[in-house]
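In what follows, a single structure is set out as structure tokens and then discussed.
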Amino acid sequence: MHDETRTLRPAATAASSAASLDSATPGSATRRAVWTTRLVVVGIVLAALNLRPAITSLGALLEEARVGLHMSGSVAGLLTSLPPLCFAVFGIAAPRLARRFGPGAVVCAGMAAIAAGLAVRPFAGGTAGFLAASALALMGIAVSNVLMPVIVKRHFPDRVGSMTGLYSMALALGTSLAAAATVPVTQMLGGSWRVGLAAWASIAAVAVLPWVALVRDRGRARPDTAGAAAAGEVPAPRITRSPTAWALGCFFGLQATGAYITMGWMPQIFRDAGVSASTAGVLLAVTMVMGVPLAFVIPRLASRMKNQGPIVVALGACGLTGYLGLLLAPAAGAWAWALLLGVSNCAFPLALTMIGMRSRTGTGVVRLSAFAQSTGYLISIPGPLLIGVLYQHSGGWTLPLGLMAGLLVPQMIMGVMAGRDRTIEDEPRVRN
């Protein structure tokens with residue numbers, strides 16, 4: 001019973017754990033553990049649903065927001081680069097916040113920040129206020145991005161693959177839903193782009209509730225350093241000395257680059273090939289929706305393999321085929337290329353799964369998640385901008401598509417290195 005309780009709920013101090021076990025009957029302790037587990041699952045799913053609508057809902061109404069706020073083209077371009085920048089900058093703070101308040105409390109605050117940012121930004125009164133409120137929402141997303149693999153590792157150490165799959169599937173669903181439903185929802189609510197953007201704050205507000213319930217007892221939410229030592233956890237790894245951490249950070253960054261390029265430029269590629277604007281939008285939706293089922297399957301498969309390199313190569317091969325198709329027959333095989341690129345973009349849930357598998361300790365997962373995601377998002381910032389420059393100066397898609405395909409080669413190399421059967425704690429340079 002003691003082991004089961006420690007697995008299914010956040011660690012408490014040795015004294016408080018003993019007291020709670022002494023005061024509870026076996027039946028009530030079991031019911032409490034089951035209730036806590038279910039609440040964590042609900043919290044993970046609701047949090048994941050809210051990690052992308054702040055971005056994709058704005059993309060659907062960017063033109064209306066730009067005109068309504070009298071934004072210049074350069075400021076609108078800054079908005080599209082703001083998410084990875086915020087993810088990199090604010091994600092670095094997640095480990096320190098988690099040590100101080102506990103991962104659950106930080107995710108709870110992150111959901112509240114998302115809700116507040118989404119509710120305020122359409123009515124902030126100007127471009128500066130809009131950017132500040134967007135940054136608030138993105139800050140909440142950034143810390144939650146980093147800590148979700150930590151939450152999964154802490155509460156479900158034996159089900160990292162399946163729970164990461166559930167989380168990734170919910171994230172993909174939220175991404176697709178916001179992209180597809182923002183315009184219809186805006187029309188239903190009277191046609192105001194401000195109301196249409198603010199509507200997504202309601203879902204984020206709902207996501208706060210399970211996390212509030214989970215962290216009401218602040219003692220249980222606080223990390224248990226004594227318990228960790230008793231369990232045999234090693235000192236915090238020196239993450240910047242880990243070849244595996246660097247490989248995982250580069251892999252994360254390159255796959256994020258491909259995903260942002262796809263979301264930003266794929267419709268334009270199809271439109272330049274003669275595909276209608278509406279069909280180009282549907283093709284992008286198909287690419288994004290592919291992440292919903294595969295985001296559940298790939299982590300489960302990866303967690304059963306000692307080496308995830310073969311999955312990395314298979315996903316990269318799908319991307320190479322898709323880019324080659326876009327170069328040779330963009331309109332004739334449009335649906336096939338959209339499907340293949342959707343499969344390739346599922347390197348994201350694979351990267352999240354490897355974060356949970358490449359460390360044996362809770363401390364290691366926190367640091368590895370923060371390092372890999374912050375490094376990765378920094379790497380991803382120039383990609384979409386560079387594609388735009390090449391497209392503008394070359395007058396076509398041959399050079400941009402060549403760059404997109406070329407980036408998949410180092411992505412596969414880094415992914416194979418990150419997918420090797422090892423943990424960062426076992427690397428000599430990390431321990432010394």
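Each chain in the structure tokens gets a letter, A, B, ..., in the order shown, and its residues are numbered from 1; ligands are numbered from 1 in order too.
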
Pick out the residues sitting within 12 Å of Pro184 (chain A), and hand them over as a ChimeraX atom specification; count only C-alpha atoms, and ignore anything fewer than 2 positions along from it in its own chain.
/A:57,60-61,177-182,186-193,195-197,199

Based on the selection just made, write C-alpha atoms of those residues as an mmCIF file, in the first residue's frame.
data_model
loop_
_atom_site.group_PDB
_atom_site.id
_atom_site.type_symbol
_atom_site.label_atom_id
_atom_site.label_comp_id
_atom_site.auth_asym_id
_atom_site.auth_seq_id
_atom_site.Cartn_x
_atom_site.Cartn_y
_atom_site.Cartn_z
ATOM 1 C CA SER A 57 -6.754 30.701 -32.935
ATOM 2 C CA ALA A 60 -7.104 32.020 -38.071
ATOM 3 C CA LEU A 61 -7.943 35.674 -37.304
ATOM 4 C CA LEU A 177 -9.793 22.391 -33.011
ATOM 5 C CA ALA A 178 -8.671 25.980 -32.521
ATOM 6 C CA ALA A 179 -7.477 26.241 -36.119
ATOM 7 C CA ALA A 180 -10.702 24.834 -37.567
ATOM 8 C CA ALA A 181 -13.323 26.240 -35.176
ATOM 9 C CA THR A 182 -12.163 29.801 -34.444
ATOM 10 C CA THR A 186 -16.488 33.970 -34.180
ATOM 11 C CA GLN A 187 -19.369 34.076 -36.647
ATOM 12 C CA MET A 188 -21.705 32.393 -34.134
ATOM 13 C CA LEU A 189 -20.796 34.974 -31.491
ATOM 14 C CA GLY A 190 -21.601 37.958 -33.699
ATOM 15 C CA GLY A 191 -18.590 38.267 -35.978
ATOM 16 C CA SER A 192 -16.242 40.196 -33.663
ATOM 17 C CA TRP A 193 -12.684 38.918 -33.860
ATOM 18 C CA VAL A 195 -14.912 37.904 -28.931
ATOM 19 C CA GLY A 196 -13.799 35.009 -31.130
ATOM 20 C CA LEU A 197 -10.279 35.105 -29.687
ATOM 21 C CA ALA A 199 -13.766 32.606 -26.288
#

Report as a PyMOL selection string all protein, DNA and RNA residues lying within 12 Å of Phe130 (chain A), evaluated on only C-alpha atoms, omitting residues in the same chain fewer than 6 positions from it.
chain A and resi 58+65-66+68-71+75-76+79+82+117-124+136-137+194+197-198

Could you build a table of the residues in region 377-408 of chain A lying no more than 12 Å from region 88-94 of chain A, giving for each the nearest pair of atoms and their separation in Å rounded to one decimal place, using only C-alpha atoms, ordered by chain and ascending residue number, as CSV?
residue,atom,partner,partner_atom,distance
A:Tyr377,CA,A:Ala88,CA,5.3
A:Leu378,CA,A:Ala88,CA,5.7
A:Ile379,CA,A:Ala88,CA,9.2
A:Ser380,CA,A:Ala88,CA,9.7
A:Ile381,CA,A:Ala88,CA,9.5

Atom pair CA of Arg304 (chain A) + CA of Leu46 (chain A), distance 26.0 Å

Distance in Å - CA of Leu78 (chain A) versus CA of Val185 (chain A)
25.7 Å

Contacts of Ile413 (chain A) at 9 Å or less, counting only C-alpha atoms, minus same-chain residues fewer than 2 places along, as number ranges by chain?
A: 247, 251, 309, 312-313, 408-411, 415-418

Which one is closest to Pro400 (chain A): A:Ala33, A:Ala201, A:Cys250, A:Leu324? Count only C-alpha atoms.
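So, comparing all the options, the nearest one is A:Leu324.
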
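For the choices A:Phe270, A:Tyr167, A:Phe101, A:Tyr260, the atom-to-atom distance to Leu327 (chain A) is smallest for A:Phe270 when using only C-alpha atoms.
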
Have a look at A:Pro310, A:Gly316, A:Pro384, A:Gly291 and name the one nearest to Gly342 (chain A); count only C-alpha atoms.
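Selected residue with least distance to Gly342 (chain A): A:Gly291.
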
Identify, on the basis of only C-alpha atoms, every residue whose closest approach to Arg96 (chain A) does not exceed 12 Å; exclude the query and any residue fewer than 2 positions from it along the same chain; express the result as JSON, numbers by chain.
{"A": [90, 91, 92, 93, 94, 98, 99, 100, 101, 102, 103, 106, 143, 146, 147, 223, 363, 366, 367, 370]}

Find the residue from A:Pro210, A:Gly274, A:Gly264, A:Pro53 that sits nearest to Ala329 (chain A); use only C-alpha atoms when measuring.
A:Gly274
